[in-house]
$ cat protein.csv   # CSV, C-alpha atoms
chain,number,residue,atom,x,y,z
A,9,MET,CA,71.6,-95.9,115.9
A,10,LYS,CA,75.1,-96.9,116.8
A,11,MET,CA,76.8,-99.3,114.4
A,12,ASN,CA,80.0,-101.2,114.8
A,13,ASN,CA,80.7,-99.4,118.2
A,14,ASN,CA,81.3,-96.2,116.2
A,15,VAL,CA,79.4,-93.1,117.1
A,16,ASP,CA,80.3,-91.5,113.8
A,17,SER,CA,78.1,-93.8,111.8
A,18,TYR,CA,74.8,-91.9,111.5
A,19,PRO,CA,71.9,-93.4,109.6
A,20,TYR,CA,71.3,-90.5,107.2
A,21,SER,CA,68.9,-92.3,104.8
A,22,GLN,CA,66.9,-93.9,107.6
A,23,VAL,CA,66.3,-90.5,109.3
A,24,ILE,CA,65.4,-88.8,106.0
A,25,ILE,CA,63.0,-91.5,104.9
A,26,LEU,CA,61.3,-91.8,108.4
A,27,PHE,CA,60.9,-88.0,108.7
A,28,ALA,CA,59.3,-87.8,105.3
A,29,GLY,CA,57.0,-90.7,105.8
A,30,ILE,CA,56.1,-90.2,109.5
A,31,GLY,CA,56.0,-86.4,109.3
A,32,SER,CA,53.5,-86.3,106.5
A,33,VAL,CA,51.3,-89.1,107.9
A,34,VAL,CA,51.2,-87.5,111.3
A,35,GLY,CA,50.3,-84.2,109.7
A,36,GLY,CA,47.5,-85.8,107.8
A,37,LEU,CA,46.1,-87.5,110.9
A,38,ILE,CA,46.3,-84.3,113.0
A,39,ALA,CA,44.5,-82.4,110.2
A,40,GLN,CA,41.8,-85.1,110.1
A,41,LEU,CA,41.4,-85.0,113.9
A,42,PHE,CA,41.2,-81.2,113.8
A,43,LEU,CA,38.4,-81.3,111.2
A,44,LEU,CA,36.6,-83.9,113.3
A,45,PHE,CA,36.9,-81.7,116.3
A,46,ILE,CA,35.6,-78.6,114.4
A,47,PHE,CA,32.7,-80.5,112.9
A,48,ARG,CA,31.6,-82.5,115.9
A,49,ASP,CA,28.4,-83.7,114.4
A,50,ALA,CA,30.1,-85.2,111.4
A,51,ASP,CA,31.7,-88.6,111.4
A,52,PHE,CA,34.8,-89.8,109.6
A,53,ALA,CA,32.8,-91.1,106.6
A,54,GLN,CA,31.3,-87.6,106.0
A,55,ILE,CA,34.6,-85.8,106.0
A,56,GLY,CA,36.3,-88.5,104.1
A,57,TYR,CA,39.9,-89.3,103.5
A,58,GLN,CA,40.6,-86.1,101.5
A,59,PRO,CA,42.2,-84.1,104.4
A,60,LEU,CA,44.4,-87.1,105.3
A,61,LEU,CA,45.5,-87.5,101.7
A,62,TYR,CA,45.9,-83.8,100.8
A,63,VAL,CA,47.7,-82.8,104.0
A,64,GLY,CA,49.9,-85.9,103.7
A,65,LEU,CA,50.9,-85.2,100.2
A,66,LEU,CA,51.3,-81.4,100.8
A,67,GLY,CA,53.3,-82.1,103.9
A,68,PHE,CA,55.6,-84.6,102.3
A,69,ILE,CA,58.0,-82.0,100.9
A,70,PRO,CA,58.5,-80.0,104.1
A,71,ALA,CA,58.8,-83.3,106.1
A,72,LEU,CA,61.5,-84.4,103.6
A,73,LEU,CA,63.3,-81.1,103.9
A,74,THR,CA,63.1,-81.3,107.7
A,75,GLY,CA,64.6,-84.9,107.5
A,76,ILE,CA,67.4,-83.7,105.3
A,77,PHE,CA,68.3,-80.8,107.6
A,78,VAL,CA,68.0,-83.0,110.7
A,79,ALA,CA,70.2,-85.7,109.2
A,80,SER,CA,72.8,-83.2,108.1
A,81,LYS,CA,73.1,-81.8,111.6
A,82,LYS,CA,73.4,-85.4,113.0
A,83,ILE,CA,70.7,-84.9,115.7
A,84,TRP,CA,70.3,-87.9,118.1
A,85,ARG,CA,67.2,-88.6,120.1
A,86,GLY,CA,68.9,-88.6,123.5
A,87,ASP,CA,70.3,-85.1,123.2
A,88,HIS,CA,68.6,-82.5,125.5
A,89,LYS,CA,68.2,-80.2,122.5
A,90,SER,CA,66.9,-82.6,119.9
A,91,ILE,CA,63.2,-81.9,120.2
A,92,ARG,CA,63.8,-78.2,120.3
A,93,THR,CA,66.0,-78.3,117.3
A,94,THR,CA,63.7,-80.5,115.2
A,95,PHE,CA,60.8,-78.2,116.3
A,96,VAL,CA,62.6,-75.1,115.0
A,97,ILE,CA,63.7,-76.9,111.8
A,98,GLY,CA,60.1,-78.1,111.2
A,99,PHE,CA,58.7,-74.6,111.8
A,100,ILE,CA,61.1,-73.0,109.3
A,101,THR,CA,60.7,-75.5,106.5
A,102,SER,CA,56.9,-75.7,106.8
A,103,ALA,CA,56.5,-71.9,107.0
A,104,ILE,CA,58.9,-71.2,104.0
A,105,TYR,CA,57.3,-74.0,101.9
A,106,MET,CA,53.7,-72.7,102.5
A,107,GLY,CA,54.9,-69.1,102.0
A,108,ALA,CA,56.4,-70.1,98.7
A,109,ILE,CA,53.2,-71.8,97.6
A,110,VAL,CA,51.1,-68.7,98.5
A,111,LEU,CA,53.5,-66.3,96.8
A,112,TYR,CA,53.4,-68.5,93.7
A,113,LEU,CA,49.6,-67.9,93.7
A,114,SER,CA,50.5,-64.1,93.8
A,115,ILE,CA,49.8,-61.3,96.3
A,116,ASN,CA,48.1,-58.1,95.2
A,117,SER,CA,47.8,-55.9,98.3
A,118,LEU,CA,49.5,-55.2,101.6
A,119,ILE,CA,46.7,-56.7,103.6
A,120,GLU,CA,47.4,-60.0,101.9
A,121,VAL,CA,51.0,-59.8,103.1
A,122,GLY,CA,49.8,-59.7,106.7
A,123,VAL,CA,47.5,-62.6,106.1
A,124,LEU,CA,50.5,-64.5,104.5
A,125,PHE,CA,52.6,-64.0,107.6
A,126,VAL,CA,49.8,-65.3,109.8
A,127,PHE,CA,49.2,-68.2,107.5
A,128,MET,CA,53.0,-69.0,107.5
A,129,ILE,CA,53.2,-68.9,111.3
A,130,THR,CA,50.1,-71.1,111.6
A,131,ILE,CA,51.4,-73.7,109.1
A,132,GLY,CA,54.9,-73.4,110.6
A,133,MET,CA,53.6,-74.3,114.1
A,134,PHE,CA,51.7,-77.2,112.5
A,135,GLY,CA,54.8,-78.4,110.8
A,136,ALA,CA,56.9,-77.9,114.0
A,137,ILE,CA,54.5,-80.0,116.1
A,138,ASN,CA,54.6,-82.7,113.4
A,139,SER,CA,58.4,-82.6,113.4
A,140,ALA,CA,58.6,-82.9,117.1
A,141,ILE,CA,56.3,-85.9,117.1
A,142,ALA,CA,58.2,-87.5,114.2
A,143,SER,CA,61.5,-87.0,116.0
A,144,PHE,CA,60.4,-89.4,118.7
A,145,MET,CA,60.1,-92.1,116.1
A,146,ALA,CA,62.6,-91.2,113.4
A,147,LEU,CA,65.7,-90.1,115.3
A,148,PRO,CA,68.3,-92.7,116.3
A,149,LYS,CA,69.0,-93.2,120.0
A,150,SER,CA,72.3,-91.9,121.3
A,151,CYS,CA,74.1,-94.8,122.9
A,152,LYS,CA,76.0,-93.8,126.0
A,153,SER,CA,77.8,-97.0,126.6
A,154,ARG,CA,81.0,-97.6,128.5
A,155,PHE,CA,82.2,-99.6,125.5
A,156,ASP,CA,82.4,-96.7,123.1
A,157,ASN,CA,85.8,-96.7,121.4
A,158,MET,CA,85.6,-93.1,120.5
A,159,GLY,CA,85.8,-91.7,124.1
A,160,GLU,CA,88.8,-91.6,126.2
A,161,LYS,CA,89.5,-94.6,128.3
A,162,GLU,CA,89.8,-94.2,132.0
A,163,HIS,CA,93.0,-95.8,133.3
A,164,ASP,CA,92.2,-98.6,135.6
A,165,TYR,CA,95.7,-99.7,136.4
A,166,TYR,CA,95.1,-103.2,135.1
A,167,GLN,CA,98.2,-105.3,135.2
A,168,GLY,CA,96.9,-108.5,133.6
A,169,LEU,CA,95.7,-111.7,135.0
A,170,SER,CA,97.5,-112.7,138.2
A,171,SER,CA,97.7,-116.4,137.1
A,172,PHE,CA,99.9,-115.4,134.1
A,173,ARG,CA,102.3,-113.3,136.2
A,174,GLN,CA,105.8,-114.8,136.5
$ encode --input "protein.csv" --output "C-alpha cells"
Amino acid sequence: MKMNNNVDSYPYSQVIILFAGIGSVVGGLIAQLFLLFIFRDADFAQIGYQPLLYVGLLGFIPALLTGIFVASKKIWRGDHKSIRTTFVIGFITSAIYMGAIVLYLSINSLIEVGVLFVFMITIGMFGAINSAIASFMALPKSCKSRFDNMGEKEHDYYQGLSSFRQ
C-alpha cells in the first residue's frame, strides 16, 4: 500500500495482522478439506469443527511469526520474488515451531529424530503453502506509478506555458 506518494511507508501492522489471521484460517480450512478428502464417506458434521479450530489456533503463532518476518523485510506483492520469499519464511517458521513443540514433548531414541525431521518437513510445507496463499491477500501491492516522488525524474525539457512567456 502506497501512502502519501511515498514508497517508504510500509503498512507493518496491517501485514502482520492479516498474515496472522488469514494464515491460520487458511491452514484450518486446508486441514478440514484434507480430512474430508481422506474420509470420503464422512460429511462435515461428522468430522466437526475441531480440525478447523485446532489447526487455526495452532497455526496462529507460526502465521504471526511469518507476518513479522515478512513485514520486517518489507515484501511487496508485485515483486517477482514475493511468493517465493513468503513460501520460504512460512516453511522455516512452521517447521521450527512444530519441531519445538515435539522437542518439548521429549525425544527418547534416534528413530524419533528421523520421524521428527519428516514431521517438521511436512508441517513446514503445510505452513509454506498457507503463507503463499496468505501473501496474495495480505501483502500490499507495489505501486509502479509515474508519479512517485522517490524515483529520479526524467528531464522533459519543459520550459513553461507558452502563453506566459515574454
$ closest_residue --input "protein.csv" --among "A:Gly75, A:Gly122, A:Gly132, A:Gly86" --to "Ile100 in chain A" --atoms "only C-alpha atoms"
A:Gly132
$ atom_distance --input "protein.csv" --atom1 "CA of Ile30 in chain A" --atom2 "CA of Leu44 in chain A"
20.8 Å
$ atom_distance --input "protein.csv" --atom1 "CA of Leu26 in chain A" --atom2 "CA of Ala39 in chain A"
19.3 Å
$ atom_distance --input "protein.csv" --atom1 "CA of Ala142 in chain A" --atom2 "CA of Gly31 in chain A"
5.5 Å
$ residues_around --input "protein.csv" --residues "range 87-98 of chain A" --least-positions-apart "2" --cutoff "10 Å" --atoms "all atoms listed in the file" --output "PyMOL selection string"
chain A and resi 31+70-75+77-78+81-85+100-103+131-144+147+149-150
$ closest_residue --input "protein.csv" --among "A:Met145, A:Ile104, A:Ile129, A:Val23" --to "Ile76 in chain A" --atoms "all atoms listed in the file"
A:Val23
$ decode --input "protein.csv" --residues "range 47-115 of chain A" --atoms "C-alpha atoms" --output "mmCIF file, in the first residue's frame"
data_model
loop_
_atom_site.group_PDB
_atom_site.id
_atom_site.type_symbol
_atom_site.label_atom_id
_atom_site.label_comp_id
_atom_site.auth_asym_id
_atom_site.auth_seq_id
_atom_site.Cartn_x
_atom_site.Cartn_y
_atom_site.Cartn_z
ATOM 1 C CA PHE A 47 -12.618 -39.743 4.947
ATOM 2 C CA ARG A 48 -14.738 -39.507 1.820
ATOM 3 C CA ASP A 49 -17.798 -41.135 3.343
ATOM 4 C CA ALA A 50 -17.916 -38.679 6.229
ATOM 5 C CA ASP A 51 -19.607 -35.344 5.939
ATOM 6 C CA PHE A 52 -18.610 -32.067 7.549
ATOM 7 C CA ALA A 53 -20.907 -32.631 10.544
ATOM 8 C CA GLN A 54 -19.241 -35.966 11.387
ATOM 9 C CA ILE A 55 -15.707 -34.551 11.388
ATOM 10 C CA GLY A 56 -16.845 -31.379 13.098
ATOM 11 C CA TYR A 57 -15.159 -28.072 13.584
ATOM 12 C CA GLN A 58 -12.310 -29.387 15.731
ATOM 13 C CA PRO A 59 -9.663 -29.582 12.957
ATOM 14 C CA LEU A 60 -10.572 -26.086 11.834
ATOM 15 C CA LEU A 61 -10.322 -24.804 15.388
ATOM 16 C CA TYR A 62 -7.199 -26.716 16.463
ATOM 17 C CA VAL A 63 -5.176 -26.095 13.318
ATOM 18 C CA GLY A 64 -6.287 -22.470 13.297
ATOM 19 C CA LEU A 65 -5.177 -21.944 16.887
ATOM 20 C CA LEU A 66 -2.006 -23.981 16.498
ATOM 21 C CA GLY A 67 -1.143 -22.194 13.272
ATOM 22 C CA PHE A 68 -1.685 -18.725 14.717
ATOM 23 C CA ILE A 69 1.822 -18.412 16.202
ATOM 24 C CA PRO A 70 3.737 -19.512 13.052
ATOM 25 C CA ALA A 71 1.476 -17.297 10.928
ATOM 26 C CA LEU A 72 2.141 -14.380 13.279
ATOM 27 C CA LEU A 73 5.901 -15.009 13.135
ATOM 28 C CA THR A 74 5.731 -15.240 9.346
ATOM 29 C CA GLY A 75 3.888 -11.924 9.234
ATOM 30 C CA ILE A 76 6.510 -10.295 11.462
ATOM 31 C CA PHE A 77 9.386 -11.552 9.294
ATOM 32 C CA VAL A 78 7.639 -10.605 6.044
ATOM 33 C CA ALA A 79 6.854 -7.110 7.349
ATOM 34 C CA SER A 80 10.409 -6.628 8.584
ATOM 35 C CA LYS A 81 11.717 -7.465 5.101
ATOM 36 C CA LYS A 82 9.171 -5.054 3.507
ATOM 37 C CA ILE A 83 7.958 -7.547 0.911
ATOM 38 C CA TRP A 84 5.502 -6.169 -1.659
ATOM 39 C CA ARG A 85 3.026 -8.248 -3.643
ATOM 40 C CA GLY A 86 4.195 -7.082 -7.084
ATOM 41 C CA ASP A 87 7.774 -8.250 -6.610
ATOM 42 C CA HIS A 88 8.789 -11.285 -8.632
ATOM 43 C CA LYS A 89 10.307 -12.909 -5.543
ATOM 44 C CA SER A 90 7.497 -12.178 -3.083
ATOM 45 C CA ILE A 91 5.718 -15.539 -3.231
ATOM 46 C CA ARG A 92 8.982 -17.474 -3.127
ATOM 47 C CA THR A 93 10.219 -15.457 -0.159
ATOM 48 C CA THR A 94 6.977 -15.832 1.812
ATOM 49 C CA PHE A 95 6.959 -19.545 0.948
ATOM 50 C CA VAL A 96 10.452 -19.992 2.414
ATOM 51 C CA ILE A 97 9.692 -17.864 5.504
ATOM 52 C CA GLY A 98 6.451 -19.792 6.104
ATOM 53 C CA PHE A 99 8.290 -23.109 5.752
ATOM 54 C CA ILE A 100 11.008 -22.141 8.218
ATOM 55 C CA THR A 101 8.703 -20.687 10.879
ATOM 56 C CA SER A 102 6.223 -23.574 10.719
ATOM 57 C CA ALA A 103 8.897 -26.271 10.755
ATOM 58 C CA ILE A 104 10.799 -24.722 13.666
ATOM 59 C CA TYR A 105 7.602 -24.101 15.638
ATOM 60 C CA MET A 106 6.354 -27.674 15.254
ATOM 61 C CA GLY A 107 9.842 -29.031 15.924
ATOM 62 C CA ALA A 108 9.968 -27.052 19.150
ATOM 63 C CA ILE A 109 6.583 -28.410 20.228
ATOM 64 C CA VAL A 110 7.645 -32.002 19.534
ATOM 65 C CA LEU A 111 11.001 -31.476 21.280
ATOM 66 C CA TYR A 112 9.132 -30.102 24.267
ATOM 67 C CA LEU A 113 7.247 -33.391 24.413
ATOM 68 C CA SER A 114 10.709 -35.119 24.526
ATOM 69 C CA ILE A 115 12.538 -37.493 22.204
#
